[in-house]
Amino acid sequence: MMDTRHDRLVEDLAGRLEPVRPLPRPALRAALWIGAAVVIGTLLASKLAMIGLDHRAGRVDLWLAAAGGALTAITAAYAAFATSVPGRSPAWALLPVPAAALWIGASGLGCLRAWVAPPLDLSDAHEPVRCFSFLVCVSVPLSLLIVGMLRRACPLRPNLTAALAGLAVAGAAATLLVPFHPAEATASDILVHAVVVAGVIGLNALAGGRLLSKAPA
């Protein structure tokens with residue numbers, strides 16, 4: 001009698017097959033994540049009693065940095081979701097470069113301005129603590145959310161995708177801080193922001209890359 005163990009194995013494996021849900025388009029996933037970022041940032045700002053822009057509304061460098069950070073978050077999120085799809089070109093990683101250049105350049109200009117002409121009102125001694133808390137509290141849920149969304153796609157370049165996700169998180173967190181910042185930033189305050197942003201990108205790239213490399217098939 002013919003050995004049918006192989007046939008039984010094939011039938012058993014076929015019986016375990018389940019239909020795979022198609023992934024939404026990168027633009028839709030990026031839009032959903034950006035929407036969640038706005039909601040989370042607004043809620044945390046209210047919980048941390050962040051005050052607002054007040055007299056800084058006329059500063060061009062501030063709004064250029066905010067625009068650059070927002071565009072960085074949007075383009076980096078799209079690039080992360082695009083590169084997570086097998087077969088997509090890794091050249092999508094270059095998409096956020098112009099926005100990131102604007103963000104970094106405008107932030108550097110603001111830092112230089114604050115260094116040369118420091119703000120007169122330095123009464124709020126707890127401002128750096130609140131800014132640090134805001135950036136971290138926004139970055140943690142946004143990082144978990146975007147990595148969780150990316151794991152469904154099983155990216156072929158997990159480290160690249162995770163680094164783009166970290167850039168998106170950092171851009172979103174820094175941009176959301178702008179309209180809720182308690183007072184005009186000093187040069188040292190901006191440097192603290194930069195250190196936190198760099199840490200967010202680095203931790204996402206390292207931890208997120210490890211998680212995405214183990215993504216379920």
# chains A, B, ... in the order shown; residues from 1 in each chain; ligands from 1
call {"tool": "closest_atom_pairs", "arguments": {"of": "segment 99-181 of chain A", "to": "segment 65-86 of chain A", "cutoff": "7 Å", "atoms": "only C-alpha atoms", "output": "Markdown table"}}
result
| residue | atom | partner | partner_atom | distance |
| --- | --- | --- | --- | --- |
| A:Ala99 | CA | A:Thr72 | CA | 5.0 |
| A:Ala100 | CA | A:Thr72 | CA | 5.4 |
| A:Leu102 | CA | A:Gly68 | CA | 5.1 |
| A:Trp103 | CA | A:Gly68 | CA | 4.0 |
| A:Ala106 | CA | A:Ala65 | CA | 4.8 |
| A:Ser107 | CA | A:Ala65 | CA | 5.4 |
| A:Leu150 | CA | A:Ser84 | CA | 6.6 |
| A:Ala153 | CA | A:Ser84 | CA | 5.8 |
| A:Cys154 | CA | A:Ser84 | CA | 6.6 |
| A:Pro155 | CA | A:Ser84 | CA | 4.1 |
| A:Leu156 | CA | A:Pro86 | CA | 6.2 |
| A:Thr161 | CA | A:Ala80 | CA | 4.9 |
| A:Leu164 | CA | A:Ala80 | CA | 5.2 |
| A:Ala165 | CA | A:Ala80 | CA | 5.6 |
| A:Leu167 | CA | A:Ala76 | CA | 6.2 |
| A:Ala168 | CA | A:Ala73 | CA | 4.0 |
| A:Val169 | CA | A:Ala73 | CA | 6.5 |
| A:Gly171 | CA | A:Gly69 | CA | 4.6 |
| A:Ala172 | CA | A:Ala73 | CA | 5.2 |
| A:Ala174 | CA | A:Gly69 | CA | 6.7 |
| A:Thr175 | CA | A:Ala66 | CA | 5.1 |
| A:Val178 | CA | A:Ala66 | CA | 6.7 |
call {"tool": "closest_atom_pairs", "arguments": {"of": "segment 69-176 of chain A", "to": "segment 36-41 of chain A", "cutoff": "8 Å", "atoms": "only C-alpha atoms", "output": "Markdown table"}}
result
| residue | atom | partner | partner_atom | distance |
| --- | --- | --- | --- | --- |
| A:Val138 | CA | A:Gly41 | CA | 5.9 |
| A:Leu142 | CA | A:Ala37 | CA | 6.5 |
| A:Ala172 | CA | A:Ala37 | CA | 6.9 |
| A:Ala173 | CA | A:Gly41 | CA | 7.4 |
| A:Leu176 | CA | A:Gly41 | CA | 6.1 |
call {"tool": "atom_distance", "arguments": {"atom1": "atom CA of Phe134 of chain A", "atom2": "atom CA of Leu44 of chain A"}}
result
6.9 Å
call {"tool": "closest_residue", "arguments": {"among": "A:Arg152, A:Arg113, A:Arg88, A:His181", "to": "Pro128 of chain A", "atoms": "only C-alpha atoms"}}
result
A:His181
call {"tool": "residues_around", "arguments": {"residues": "Val116 of chain A", "least_positions_apart": "5", "cutoff": "10 Å", "atoms": "only C-alpha atoms", "output": "list in words"}}
result
Gly110, Cys111 and Ala187 of chain A
call {"tool": "closest_atom_pairs", "arguments": {"of": "segment 135-170 of chain A", "to": "segment 204-212 of chain A", "cutoff": "6 Å", "atoms": "only C-alpha atoms", "output": "Markdown table"}}
result
| residue | atom | partner | partner_atom | distance |
| --- | --- | --- | --- | --- |
| A:Arg151 | CA | A:Leu212 | CA | 5.7 |
| A:Pro158 | CA | A:Gly209 | CA | 5.0 |
| A:Asn159 | CA | A:Gly209 | CA | 4.4 |
| A:Ala162 | CA | A:Ala205 | CA | 4.8 |
| A:Ala163 | CA | A:Ala205 | CA | 4.2 |
| A:Gly166 | CA | A:Asn204 | CA | 4.8 |
call {"tool": "write_last_selection", "arguments": {"atoms": "N, CA, C and O atoms", "output": "CSV table (one decimal), in the first residue's frame"}}
result
chain,number,residue,atom,x,y,z
A,151,ARG,N,4.3,45.9,12.0
A,151,ARG,CA,4.5,44.5,12.1
A,151,ARG,C,3.6,43.6,11.2
A,151,ARG,O,4.0,42.5,10.9
A,158,PRO,N,13.9,45.8,8.2
A,158,PRO,CA,13.3,46.2,9.5
A,158,PRO,C,14.0,47.4,10.1
A,158,PRO,O,13.4,48.3,10.7
A,159,ASN,N,15.4,47.5,10.0
A,159,ASN,CA,16.1,48.6,10.6
A,159,ASN,C,15.8,49.9,9.9
A,159,ASN,O,15.6,50.9,10.6
A,162,ALA,N,12.2,50.9,10.8
A,162,ALA,CA,12.1,51.3,12.2
A,162,ALA,C,12.7,52.7,12.4
A,162,ALA,O,12.2,53.5,13.1
A,163,ALA,N,13.8,53.0,11.7
A,163,ALA,CA,14.5,54.3,11.7
A,163,ALA,C,13.5,55.4,11.2
A,163,ALA,O,13.4,56.5,11.8
A,166,GLY,N,10.9,56.0,13.7
A,166,GLY,CA,11.4,56.8,14.8
A,166,GLY,C,11.5,58.3,14.4
A,166,GLY,O,11.1,59.2,15.2
call {"tool": "atom_distance", "arguments": {"atom1": "atom CA of Leu48 of chain A", "atom2": "atom CA of Met149 of chain A"}}
result
27.5 Å
